[in-house]
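Student: What follows is run.cif; its format and atoms are mmCIF, C-alpha atoms and all ligand atoms.
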data_data
#
loop_
_atom_site.label_atom_id
_atom_site.label_comp_id
_atom_site.auth_asym_id
_atom_site.auth_seq_id
_atom_site.Cartn_x
_atom_site.Cartn_y
_atom_site.Cartn_z
CA MET A 3 0.00 0.00 0.00
CA ASP A 4 1.37 3.46 -0.98
CA SER A 5 1.12 6.15 1.70
CA PHE A 6 0.73 9.87 1.14
CA ASP A 7 -0.27 12.84 3.27
CA ILE A 8 -2.94 13.93 0.79
CA ILE A 9 -4.63 12.24 -2.17
CA VAL A 10 -6.38 14.56 -4.65
CA VAL A 11 -8.80 12.94 -7.10
CA GLY A 12 -9.03 15.06 -10.27
CA ALA A 13 -6.30 17.15 -11.92
CA GLY A 14 -8.63 19.86 -13.18
CA PRO A 15 -7.92 23.54 -12.60
CA ALA A 16 -9.29 23.45 -9.02
CA GLY A 17 -7.52 20.22 -7.96
CA LEU A 18 -4.19 21.37 -9.39
CA GLY A 19 -4.68 24.85 -7.90
CA PHE A 20 -5.08 23.20 -4.49
CA VAL A 21 -1.97 21.05 -5.01
CA ARG A 22 0.09 24.03 -6.15
CA SER A 23 -1.07 26.02 -3.09
CA LEU A 24 0.41 23.31 -0.87
CA SER A 25 3.87 23.45 -2.40
CA GLY A 26 6.61 24.11 0.11
CA SER A 27 4.59 22.54 2.92
CA GLY A 28 6.59 19.31 2.71
CA LEU A 29 3.41 17.27 2.36
CA LYS A 30 3.54 14.20 0.13
CA VAL A 31 0.68 14.49 -2.35
CA ALA A 32 -0.75 12.04 -4.90
CA VAL A 33 -3.00 13.28 -7.69
CA ILE A 34 -5.23 10.71 -9.40
CA GLU A 35 -6.48 11.70 -12.85
CA ARG A 36 -8.52 9.82 -15.41
CA LEU A 37 -6.88 11.60 -18.37
CA SER A 38 -3.39 10.86 -19.65
CA GLU A 39 -0.47 13.07 -18.66
CA ALA A 40 -0.06 14.05 -22.33
CA VAL A 41 -3.57 15.52 -22.28
CA LEU A 42 -2.89 17.40 -19.01
CA ALA A 43 0.26 18.84 -20.58
CA ASP A 44 -1.56 20.00 -23.70
CA PRO A 45 -5.31 20.01 -23.03
CA PRO A 46 -7.54 20.34 -26.09
CA GLU A 47 -9.67 23.47 -26.48
CA ASP A 48 -13.02 22.89 -24.80
CA GLY A 49 -14.80 26.05 -25.96
CA ARG A 50 -14.93 27.58 -22.47
CA ASP A 51 -13.43 31.01 -21.98
CA ILE A 52 -13.27 31.70 -18.27
CA ALA A 53 -14.00 35.19 -16.93
CA LEU A 54 -11.64 35.73 -14.01
CA THR A 55 -11.94 38.22 -11.17
CA HIS A 56 -8.96 40.25 -9.99
CA ALA A 57 -8.74 37.96 -6.97
CA SER A 58 -8.32 34.91 -9.24
CA GLU A 59 -5.72 36.70 -11.34
CA ASP A 60 -3.82 37.56 -8.14
CA ILE A 61 -3.98 33.95 -6.93
CA MET A 62 -2.85 32.65 -10.31
CA ASN A 63 0.07 35.08 -10.19
CA LYS A 64 1.04 33.99 -6.68
CA LEU A 65 0.84 30.34 -7.74
CA GLY A 66 3.05 31.04 -10.77
CA MET A 67 0.29 30.06 -13.20
CA TRP A 68 -0.35 33.43 -14.80
CA PRO A 69 3.03 33.76 -16.62
CA HIS A 70 2.23 30.51 -18.48
CA ILE A 71 -0.81 32.13 -20.10
CA PRO A 72 -0.03 33.87 -23.39
CA GLU A 73 -1.20 37.48 -23.13
CA ASP A 74 -2.52 37.51 -26.70
CA ALA A 75 -4.86 34.59 -25.98
CA CYS A 76 -6.77 36.49 -23.28
CA GLY A 77 -9.34 39.21 -23.15
CA VAL A 78 -9.75 42.21 -20.88
CA ILE A 79 -13.25 43.05 -19.63
CA LYS A 80 -13.37 46.81 -19.13
CA ASP A 81 -17.11 47.26 -18.79
CA ALA A 82 -20.13 44.99 -18.62
CA LYS A 83 -23.75 45.48 -19.67
CA VAL A 84 -26.90 43.51 -19.04
CA VAL A 85 -29.64 43.94 -21.64
CA ASN A 86 -33.23 42.72 -21.43
CA GLY A 87 -34.53 41.21 -24.70
CA HIS A 88 -34.07 43.54 -27.68
CA SER A 89 -34.35 46.66 -25.50
CA ASP A 90 -31.57 49.24 -25.75
CA TYR A 91 -31.81 49.84 -22.02
CA ALA A 92 -28.82 48.30 -20.21
CA LEU A 93 -27.67 47.79 -16.65
CA HIS A 94 -24.10 49.05 -16.78
CA PHE A 95 -21.04 47.98 -14.75
CA ALA A 96 -17.98 50.14 -15.39
CA SER A 97 -14.40 49.68 -14.22
CA ALA A 98 -14.07 53.48 -13.94
CA GLY A 99 -14.21 54.46 -10.27
CA SER A 100 -13.39 50.95 -9.05
CA GLY A 101 -9.70 51.75 -8.67
CA LYS A 102 -8.84 49.16 -11.35
CA ASP A 103 -8.40 49.55 -15.09
CA TYR A 104 -10.66 46.61 -15.87
CA LEU A 105 -13.36 44.45 -14.31
CA GLY A 106 -11.73 41.12 -15.06
CA ARG A 107 -9.78 38.98 -17.51
CA ILE A 108 -11.01 36.24 -19.77
CA VAL A 109 -8.86 33.19 -20.47
CA PRO A 110 -9.54 29.98 -22.43
CA ASN A 111 -10.06 27.10 -20.00
CA HIS A 112 -7.53 24.81 -21.68
CA LEU A 113 -4.81 27.43 -21.08
CA ILE A 114 -5.72 27.64 -17.38
CA ARG A 115 -5.51 23.85 -17.19
CA ARG A 116 -2.17 23.81 -19.00
CA ALA A 117 -0.76 26.55 -16.74
CA ALA A 118 -1.83 24.65 -13.62
CA TYR A 119 -0.19 21.47 -14.91
CA GLU A 120 3.04 23.35 -15.77
CA GLU A 121 3.26 24.58 -12.18
CA VAL A 122 2.54 21.20 -10.59
CA LYS A 123 4.42 18.75 -12.83
CA GLY A 124 7.89 19.39 -11.38
CA LEU A 125 6.95 19.64 -7.71
CA PRO A 126 9.18 17.20 -5.82
CA ASP A 127 6.54 16.00 -3.35
CA VAL A 128 3.78 15.46 -5.91
CA THR A 129 3.09 12.12 -7.63
CA LEU A 130 0.80 12.32 -10.65
CA ILE A 131 -1.09 9.09 -11.25
CA CYS A 132 -2.67 9.52 -14.69
CA ASP A 133 -4.84 7.23 -16.83
CA ALA A 134 -6.26 6.13 -13.49
CA SER A 135 -9.68 6.01 -11.97
CA VAL A 136 -11.03 5.43 -8.52
CA GLU A 137 -12.73 2.12 -7.77
CA ALA A 138 -13.50 2.69 -4.08
CA VAL A 139 -12.98 5.39 -1.46
CA SER A 140 -13.25 5.22 2.29
CA THR A 141 -11.92 7.42 5.09
CA GLY A 142 -8.23 8.00 4.32
CA ARG A 143 -8.09 5.28 1.66
CA VAL A 144 -8.49 5.12 -2.13
CA VAL A 145 -8.56 1.95 -4.22
CA LEU A 146 -7.75 2.39 -7.91
CA GLU A 147 -9.37 0.46 -10.73
CA ASN A 148 -6.09 -1.46 -11.18
CA GLY A 149 -6.49 -2.78 -7.61
CA LYS A 150 -3.78 -0.61 -6.06
CA THR A 151 -4.60 0.88 -2.64
CA LEU A 152 -3.40 4.32 -1.55
CA LYS A 153 -3.59 5.66 1.99
CA ALA A 154 -3.54 9.28 3.18
CA SER A 155 -4.42 11.56 6.10
CA LEU A 156 -6.70 13.52 3.79
CA VAL A 157 -8.55 12.70 0.56
CA VAL A 158 -9.70 15.65 -1.55
CA ALA A 159 -12.29 15.21 -4.30
CA ALA A 160 -11.80 17.62 -7.21
CA ASP A 161 -13.36 15.37 -9.83
CA SER A 162 -16.02 17.70 -11.30
CA ARG A 163 -19.61 18.53 -10.42
CA PHE A 164 -20.61 14.92 -11.05
CA SER A 165 -17.92 13.76 -8.59
CA GLU A 166 -17.93 10.00 -8.17
CA THR A 167 -15.63 10.37 -5.18
CA ARG A 168 -18.23 12.56 -3.44
CA ARG A 169 -20.91 9.95 -4.06
CA LYS A 170 -18.66 7.08 -2.98
CA MET A 171 -17.97 8.92 0.30
CA GLY A 172 -21.70 9.17 0.89
CA VAL A 173 -21.87 12.96 0.60
CA GLY A 174 -25.08 14.03 -1.09
CA ALA A 175 -25.60 17.06 -3.27
CA GLU A 176 -28.46 19.33 -4.25
CA MET A 177 -28.78 19.24 -8.04
CA GLU A 178 -30.67 21.68 -10.22
CA ASP A 179 -31.17 20.45 -13.77
CA PHE A 180 -31.98 23.63 -15.65
CA GLY A 181 -33.23 21.67 -18.68
CA ARG A 182 -31.01 23.93 -20.71
CA VAL A 183 -27.79 23.63 -22.65
CA VAL A 184 -25.03 26.16 -23.09
CA ILE A 185 -23.29 26.37 -26.46
CA VAL A 186 -19.90 28.08 -26.46
CA CYS A 187 -17.57 29.20 -29.25
CA GLU A 188 -15.44 32.14 -30.35
CA MET A 189 -16.49 34.46 -33.17
CA SER A 190 -14.69 37.22 -35.05
CA HIS A 191 -16.47 40.44 -35.97
CA THR A 192 -15.97 43.56 -38.05
CA GLN A 193 -16.79 46.12 -35.32
CA PRO A 194 -14.63 46.48 -32.16
CA HIS A 195 -15.99 45.21 -28.85
CA ASP A 196 -14.18 47.96 -26.87
CA GLY A 197 -13.65 45.54 -24.00
CA VAL A 198 -17.38 45.44 -23.18
CA ALA A 199 -18.97 42.18 -22.02
CA THR A 200 -22.68 42.00 -22.78
CA GLU A 201 -25.27 39.66 -21.36
CA CYS A 202 -28.51 39.72 -23.39
CA PHE A 203 -31.53 38.03 -21.85
CA HIS A 204 -33.85 37.13 -24.73
CA TYR A 205 -37.04 35.25 -23.98
CA ASP A 206 -35.98 31.91 -25.41
CA GLN A 207 -32.19 32.29 -25.18
CA THR A 208 -29.54 34.01 -23.14
CA LEU A 209 -26.60 35.35 -25.09
CA ALA A 210 -23.33 36.46 -23.51
CA ILE A 211 -20.65 38.11 -25.64
CA LEU A 212 -17.29 38.45 -23.91
CA PRO A 213 -14.33 40.38 -25.32
CA MET A 214 -11.26 38.34 -26.29
CA ASN A 215 -8.04 39.69 -27.79
CA GLY A 216 -8.55 41.75 -30.98
CA ALA A 217 -11.82 41.64 -32.90
CA VAL A 218 -12.83 38.28 -31.43
CA SER A 219 -15.46 37.52 -28.79
CA SER A 220 -16.36 34.52 -26.73
CA VAL A 221 -19.99 33.64 -27.38
CA VAL A 222 -22.11 31.82 -24.81
CA VAL A 223 -25.64 30.85 -25.85
CA THR A 224 -28.00 29.27 -23.34
CA LEU A 225 -31.10 27.62 -24.74
CA ALA A 226 -33.66 24.93 -23.95
CA SER A 227 -32.24 21.41 -24.27
CA ASP A 228 -34.73 20.44 -27.01
CA LYS A 229 -33.47 23.33 -29.18
CA SER A 230 -29.78 22.71 -28.68
CA GLU A 231 -29.36 19.83 -31.13
CA ALA A 232 -30.76 21.93 -33.95
CA ALA A 233 -28.49 24.85 -32.98
CA MET A 234 -25.44 22.56 -32.93
CA ALA A 235 -26.41 21.11 -36.32
CA MET A 236 -26.77 24.51 -38.02
CA PRO A 237 -24.16 25.26 -40.68
CA ASP A 238 -21.49 27.70 -39.41
CA ALA A 239 -22.69 30.59 -41.56
CA ALA A 240 -26.32 30.21 -40.45
CA PHE A 241 -25.34 29.96 -36.77
CA ALA A 242 -23.12 33.03 -37.08
CA ALA A 243 -25.89 35.00 -38.83
CA ASP A 244 -28.35 34.01 -36.10
CA ILE A 245 -26.01 35.23 -33.32
CA GLN A 246 -25.29 38.43 -35.25
CA ALA A 247 -29.03 39.14 -35.53
CA ARG A 248 -29.74 38.26 -31.89
CA PHE A 249 -26.98 40.65 -30.91
CA GLY A 250 -28.63 43.38 -32.93
CA ASN A 251 -25.67 43.66 -35.34
CA ARG A 252 -23.81 45.57 -32.60
CA LEU A 253 -20.49 43.95 -33.61
CA GLY A 254 -21.04 44.12 -37.38
CA LYS A 255 -20.58 40.94 -39.40
CA MET A 256 -19.80 37.95 -37.21
CA GLU A 257 -18.05 34.73 -38.27
CA MET A 258 -17.14 31.52 -36.50
CA ALA A 259 -13.59 31.48 -35.12
CA SER A 260 -13.76 28.12 -33.33
CA PRO A 261 -15.96 25.01 -33.27
CA ARG A 262 -19.09 25.01 -31.08
CA VAL A 263 -19.14 22.96 -27.88
CA ALA A 264 -22.33 22.15 -25.94
CA TYR A 265 -22.62 21.64 -22.16
CA PRO A 266 -25.85 20.52 -20.42
CA LEU A 267 -26.57 22.84 -17.48
CA VAL A 268 -26.82 21.25 -14.06
CA GLY A 269 -26.13 23.23 -10.90
CA VAL A 270 -24.71 21.26 -7.97
CA PHE A 271 -24.25 22.17 -4.32
CA ALA A 272 -22.80 19.51 -2.02
CA LYS A 273 -24.61 18.93 1.28
CA ARG A 274 -21.26 19.10 3.07
CA PHE A 275 -17.84 20.18 1.86
CA VAL A 276 -15.92 18.19 4.47
CA ALA A 277 -16.04 14.98 6.50
CA PRO A 278 -13.31 13.40 8.63
CA ARG A 279 -10.21 13.03 6.39
CA PHE A 280 -12.22 14.20 3.38
CA ALA A 281 -12.90 17.48 1.56
CA LEU A 282 -14.47 18.61 -1.69
CA VAL A 283 -13.02 21.42 -3.81
CA GLY A 284 -13.93 23.11 -7.09
CA ASP A 285 -17.04 21.98 -8.94
CA ALA A 286 -17.20 18.84 -6.76
CA ALA A 287 -18.25 21.20 -3.92
CA VAL A 288 -20.18 23.80 -5.92
CA GLY A 289 -21.00 23.49 -9.63
CA MET A 290 -22.42 26.84 -10.71
CA HIS A 291 -24.57 27.79 -13.70
CA PRO A 292 -22.02 29.64 -15.88
CA VAL A 293 -24.21 32.72 -16.48
CA THR A 294 -22.64 34.64 -13.60
CA ALA A 295 -19.12 33.29 -14.33
CA HIS A 296 -18.38 32.32 -10.73
CA GLY A 297 -17.45 28.61 -11.01
CA TYR A 298 -13.68 28.61 -11.29
CA ASN A 299 -13.30 31.88 -9.37
CA LEU A 300 -15.13 30.29 -6.49
CA GLY A 301 -13.32 26.95 -6.81
CA LEU A 302 -9.87 28.54 -6.83
CA THR A 303 -10.60 30.76 -3.82
CA GLY A 304 -11.92 27.74 -1.91
CA ALA A 305 -8.91 25.60 -2.85
CA VAL A 306 -6.58 28.27 -1.47
CA ILE A 307 -8.57 28.56 1.78
CA LEU A 308 -8.40 24.79 2.29
CA ALA A 309 -4.67 24.71 1.51
CA GLU A 310 -4.04 27.52 4.03
CA SER A 311 -5.89 25.62 6.73
CA VAL A 312 -3.91 22.45 5.98
CA ILE A 313 -0.58 24.32 6.00
CA GLN A 314 -1.48 25.92 9.32
CA ALA A 315 -2.12 22.42 10.73
CA VAL A 316 1.30 21.28 9.46
CA ASN A 317 2.94 24.27 11.14
CA GLU A 318 1.12 23.55 14.38
CA GLY A 319 1.89 19.84 14.19
CA THR A 320 -1.79 18.83 14.19
CA ASP A 321 -3.57 16.18 12.12
CA ILE A 322 -4.20 17.65 8.62
CA GLY A 323 -7.27 15.46 8.13
CA GLY A 324 -8.84 16.42 11.44
CA ILE A 325 -12.30 17.91 11.23
CA ASN A 326 -11.16 21.03 13.11
CA VAL A 327 -8.72 21.73 10.28
CA LEU A 328 -11.35 21.17 7.58
CA LEU A 329 -14.34 22.94 9.13
CA PRO A 330 -12.99 26.51 8.76
CA TYR A 331 -12.85 25.85 4.99
CA GLU A 332 -16.41 24.53 4.98
CA ARG A 333 -17.68 27.60 6.87
CA ALA A 334 -15.75 30.20 4.87
CA HIS A 335 -16.54 28.64 1.50
CA ARG A 336 -20.22 28.05 2.22
CA LYS A 337 -20.65 31.63 3.42
CA VAL A 338 -19.50 32.97 0.06
CA ALA A 339 -20.76 30.18 -2.21
CA ARG A 340 -24.30 29.71 -0.91
CA PRO A 341 -25.64 33.20 -1.70
CA LEU A 342 -23.90 33.16 -5.08
CA TYR A 343 -25.38 29.76 -5.93
CA LEU A 344 -28.92 30.67 -4.86
CA GLY A 345 -28.69 34.14 -6.40
CA THR A 346 -27.46 32.75 -9.72
CA ASN A 347 -30.22 30.13 -9.83
CA ALA A 348 -32.86 32.77 -9.04
CA LEU A 349 -31.47 35.02 -11.77
CA VAL A 350 -31.55 32.16 -14.27
CA LYS A 351 -35.19 31.45 -13.41
CA LEU A 352 -36.20 35.10 -13.62
CA TYR A 353 -34.56 35.57 -16.99
CA THR A 354 -35.87 32.37 -18.55
CA ASP A 355 -39.45 32.78 -17.32
CA THR A 356 -41.60 34.06 -20.17
CA ARG A 357 -44.67 34.82 -18.03
CA LEU A 358 -45.70 38.47 -17.76
CA PRO A 359 -44.87 39.06 -14.05
CA ALA A 360 -41.35 37.78 -14.64
CA LYS A 361 -40.96 40.02 -17.70
CA ILE A 362 -42.04 43.05 -15.65
CA LEU A 363 -39.81 42.07 -12.74
CA ARG A 364 -36.71 41.67 -14.88
CA ARG A 365 -37.26 45.03 -16.55
CA ALA A 366 -37.63 46.56 -13.10
CA ALA A 367 -34.56 44.72 -11.82
CA LEU A 368 -32.34 46.26 -14.49
CA ARG A 369 -33.62 49.77 -13.81
CA LEU A 370 -33.32 49.27 -10.07
CA GLY A 371 -29.73 48.12 -10.52
CA ASN A 372 -28.94 51.36 -12.36
CA VAL A 373 -30.68 53.68 -9.92
CA LEU A 374 -29.32 52.00 -6.80
CA PRO A 375 -25.59 52.73 -6.99
CA PRO A 376 -24.78 50.51 -3.95
CA VAL A 377 -26.04 47.44 -5.84
CA ARG A 378 -23.81 48.13 -8.81
CA ALA A 379 -20.89 49.20 -6.65
CA ARG A 380 -21.11 45.91 -4.71
CA ILE A 381 -21.01 43.85 -7.90
CA VAL A 382 -18.10 45.83 -9.33
CA GLN A 383 -16.29 45.52 -6.00
CA GLN A 384 -16.85 41.77 -6.09
CA LEU A 385 -15.25 41.56 -9.51
CA THR A 386 -12.34 43.86 -8.87
CA GLN A 387 -11.39 43.31 -5.24
CA TYR A 388 -13.10 40.66 -3.24
CA GLY A 389 -13.09 37.78 -5.68
CA ALA A 390 -15.77 35.14 -6.00
C1 LIG B 401 -19.58 26.80 -20.64
C2 LIG B 401 -18.92 27.10 -19.33
C3 LIG B 401 -18.44 28.39 -19.09
C4 LIG B 401 -17.84 28.69 -17.87
N1 LIG B 401 -17.43 29.96 -17.65
C5 LIG B 401 -16.86 30.28 -16.47
C6 LIG B 401 -16.41 31.61 -16.22
O1 LIG B 401 -16.54 32.50 -17.06
N2 LIG B 401 -15.83 31.88 -15.01
C7 LIG B 401 -15.67 30.91 -14.07
O2 LIG B 401 -15.12 31.22 -12.99
N3 LIG B 401 -16.08 29.65 -14.29
C8 LIG B 401 -16.67 29.31 -15.46
N4 LIG B 401 -17.07 28.03 -15.69
C9 LIG B 401 -16.87 27.00 -14.64
C10 LIG B 401 -15.47 26.37 -14.69
O3 LIG B 401 -15.22 25.85 -15.97
C11 LIG B 401 -15.43 25.27 -13.64
O4 LIG B 401 -15.81 25.80 -12.39
C12 LIG B 401 -14.03 24.66 -13.49
O5 LIG B 401 -13.59 24.11 -14.69
C13 LIG B 401 -14.07 23.55 -12.44
O6 LIG B 401 -12.82 23.00 -12.27
P1 LIG B 401 -12.66 21.63 -11.47
O7 LIG B 401 -11.19 21.37 -11.41
O8 LIG B 401 -13.42 21.67 -10.21
O9 LIG B 401 -13.41 20.53 -12.33
P2 LIG B 401 -13.18 20.02 -13.81
O10 LIG B 401 -12.67 21.11 -14.69
O11 LIG B 401 -14.45 19.36 -14.19
O12 LIG B 401 -12.00 18.94 -13.70
C14 LIG B 401 -12.22 17.69 -13.06
C15 LIG B 401 -11.05 16.77 -13.37
O13 LIG B 401 -11.26 15.54 -12.69
C16 LIG B 401 -11.04 14.44 -13.59
N5 LIG B 401 -11.89 13.32 -13.15
C17 LIG B 401 -13.24 13.25 -13.16
N6 LIG B 401 -13.66 12.09 -12.60
C18 LIG B 401 -12.54 11.42 -12.23
C19 LIG B 401 -12.33 10.17 -11.59
N7 LIG B 401 -13.33 9.38 -11.21
N8 LIG B 401 -11.05 9.77 -11.37
C20 LIG B 401 -10.01 10.57 -11.73
N9 LIG B 401 -10.16 11.77 -12.33
C21 LIG B 401 -11.41 12.19 -12.57
C22 LIG B 401 -11.43 14.99 -14.95
O14 LIG B 401 -10.81 14.27 -15.99
C23 LIG B 401 -10.90 16.43 -14.85
O15 LIG B 401 -9.56 16.52 -15.21
C24 LIG B 401 -17.70 27.68 -16.88
C25 LIG B 401 -18.18 26.39 -17.14
C26 LIG B 401 -18.79 26.11 -18.33
C27 LIG B 401 -19.31 24.73 -18.59
#
Rewrite the structure of this file - the entire thing - as structure tokens.
Ligand SMILES: Cc1cc2nc3c(=O)[nH]c(=O)nc-3n(C[C@H](O)[C@H](O)[C@H](O)COP(=O)(O)OP(=O)(O)OC[C@H]3O[C@@H](n4cnc5c(N)ncnc54)[C@H](O)[C@@H]3O)c2cc1C
Tutor:
Amino acid sequence: MDSFDIIVVGAGPAGLGFVRSLSGSGLKVAVIERLSEAVLADPPEDGRDIALTHASEDIMNKLGMWPHIPEDACGVIKDAKVVNGHSDYALHFASAGSGKDYLGRIVPNHLIRRAAYEEVKGLPDVTLICDASVEAVSTGRVVLENGKTLKASLVVAADSRFSETRRKMGVGAEMEDFGRVVIVCEMSHTQPHDGVATECFHYDQTLAILPMNGAVSSVVVTLASDKSEAAMAMPDAAFAADIQARFGNRLGKMEMASPRVAYPLVGVFAKRFVAPRFALVGDAAVGMHPVTAHGYNLGLTGAVILAESVIQAVNEGTDIGGINVLLPYERAHRKVARPLYLGTNALVKLYTDTRLPAKILRRAALRLGNVLPPVRARIVQQLTQYGA
């Protein structure tokens, strides 16, 4: 039986962020990942462009990840607008006055994954076990599909919102199947985006257009599941023309700049984030609807909080898997994540409800947001200072 201090299941951006945050602690860490190491080293594009808060950018800098991300592959979000249907009226979030030059950055997910791998691969105390999957998990013990048993003081599940490790440890989760699918891609356009991110809530679809480098935007379309197959099957030119029209031709002529990728939308919130010798990080703890772009921001912040608690235990010579070490993470993460999760789900429902009261309420919500400066200021502050 191989012994480690910590076993992390899942080498996604949250799991690797957690592992990187532990470096220098002297802890012996094993990371179990289903994918091959070649894929971790050069992950394929998955269509997701991740909007990052200043807090996430700061963490990625501290963890050495940011320098691995090519500047010309990212976007800078200077301002953001929320538009209701085809109305010209917008709720506006500006970086001006926030003390920062921009609201956030936007980075392709595969580059975040690659950067995290680059920073973890050479760490002396980390063993990457790739092409591997978990057969069984119990307190402080993981059995791989090949029959090998690993032991540790702490097992951390970072194996996505549909975490098998979470289920195998008997930790339940609230799941919200939105019955919707998000289609993501990048598109080029003839008019400049000026660094403005726009979220358009149409009655049958939500469309987010996020500024990438140059005259390219990340396009995120949310639509009912029964409509998504047809949208995915549309020829490129027809899909591009449809997005251009839905966006009111604001960016001029739009053309496809990457393939489309579809993700079914299921929100997940674990009943507990910790148990003795066990913790959940990233989407395994909280899998957000992407409309408010909180998922990775939240996962990374949580991973760092957990790592800090573990390092403190090492410094104090206490058991790193003890519940007293894990509970501060549970409390801190839940306090931030719960309102964001519920708020995002409520927003999704309000903006996909086609009944008249909802239509009136959402129009009112936008206007209220504009006339109540504290509401806007709080959201801008969240993006620029506080993090997820
Ligand atoms: C369309 C879309 C847009 C998004 N936009 C944003 C955004 O703008 N901002 C933002 O902050 N977030 C965004 N997110 C959310 C963000 O992508 C996720 O929060 C983030 O990727 C979660 O990282 P993770 O490491 O927890 O999980 P994952 O990225 O799911 O990684 C899990 C890893 O675990 C591995 N694994 C799974 N099961 C096993 C197993 N049994 N054994 C071993 N390994 C296993 C997988 O191979 C994978 O490598 C978006 C998500 C989507 C779908």
Student: Name the residues in contact with segment 153-165 of chain A at a cut-off of 6 Å, using all atoms listed in the file, excluding same-chain residues fewer than 2 positions from it; report them as a PyMOL selection string.
Tutor: chain A and resi 5-12+17+142-143+167-168+279-286+289+323
Student: Restricting the calculation to all atoms listed in the file, which member of A:Pro69, A:Gly269, A:Gly345, A:Gly324 is positioned closest to ligand LIG 401 (chain B)?
Tutor: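 Closest residue, counting all atoms listed in the file: A:Gly269.
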Student: So the first atom is atom CA of Gly66 of chain A and the second is atom O13 of ligand LIG 401 (chain B); what is the distance between them in Å, to one decimal place?
Tutor: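 Spanning atom CA of Gly66 of chain A to atom O13 of ligand LIG 401 (chain B) is a straight-line distance of 21.2 Å.
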Student: Check the smallest atom-to-atom distance from each of A:His291, A:His70, A:His195, A:Arg182 to ligand LIG 401 (chain B) using only C-alpha atoms and all ligand atoms, then report the winner.
Tutor: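 Of A:His291, A:His70, A:His195, A:Arg182, the one nearest ligand LIG 401 (chain B), counting only C-alpha atoms and all ligand atoms, is A:His291.
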Student: Could you give me, as an NGL selection string, the residues that sit within 12 Å of (-21.1, 11.7, 4.8) in the file's coordinates, counting all atoms listed in the file?
Tutor: :A and (140-141 or 167-175 or 272-282)
Student: Using all atoms listed in the file, give me every residue within 12 Å of (-22.9, 24.6, -22.9) in file coordinates, as a PyMOL selection string.
Tutor: chain A and resi 48-51+180-187+208-210+221-227+230-231+233-234+262-268+291-293
Student: Show which residues sit within 7 Å of segment 120-126 of chain A, as a PyMOL selection string. Count only C-alpha atoms, and ignore same-chain residues fewer than 3 positions away.
Tutor: chain A and resi 18+22+66-67+116-117
Student: Quick one: pull the distance between atom CA of Glu47 of chain A and atom CA of Arg115 of chain A, Å, one decimal.
Tutor: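 Atom CA of Glu47 of chain A sits 10.2 Å away from atom CA of Arg115 of chain A.
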Student: Select, from A:Asn326, A:Ser220, A:Ser135, A:Thr346, the residue with the minimum atom-to-atom distance to ligand LIG 401 (chain B), counting all atoms listed in the file.
Tutor: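 Nearest candidate to ligand LIG 401 (chain B) out of A:Asn326, A:Ser220, A:Ser135, A:Thr346: A:Ser135.
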Student: For ligand LIG 401 (chain B), I'd like the enclosing box, axis-aligned and padded by 8 Å on every side, reported as lines of an AutoDock Vina configuration file with centre and edge lengths in Å to one decimal.
Tutor:
center_x = -14.6
center_y = 20.9
center_z = -15.4
size_x = 26.0
size_y = 39.1
size_z = 26.4
Student: Considering all atoms listed in the file, can you say which of A:Ala199, A:Ala287, A:Ala240, A:Leu65 comes closest to ligand LIG 401 (chain B)?
Tutor: A:Ala287
Student: Quick one: residues within 9 Å of segment 59-62 of chain A, only C-alpha atoms, excluding same-chain residues fewer than 3 positions away - as a PyMOL selection string?
Tutor: chain A and resi 19+54-56+65-69+106-107+118+302-303+306
Student: Select, from A:Leu300, A:Ala242, A:Met3, A:Leu152, the residue with the minimum atom-to-atom distance to ligand LIG 401 (chain B), counting only C-alpha atoms and all ligand atoms.
Tutor: A:Leu300
Student: Using only C-alpha atoms, can you tell me which of A:Ile52, A:Met214, A:Ile325, A:Ala239 comes closest to Pro15 of chain A?
Tutor: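 Between A:Ile52, A:Met214, A:Ile325, A:Ala239, the residue approaching Pro15 of chain A most closely is A:Ile52.
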Student: Can you measure atom C8 of ligand LIG 401 (chain B) to atom CA of Val78 of chain A for me? One decimal in Å is fine.
Tutor: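 Here the two named atoms are 15.6 Å from each other.
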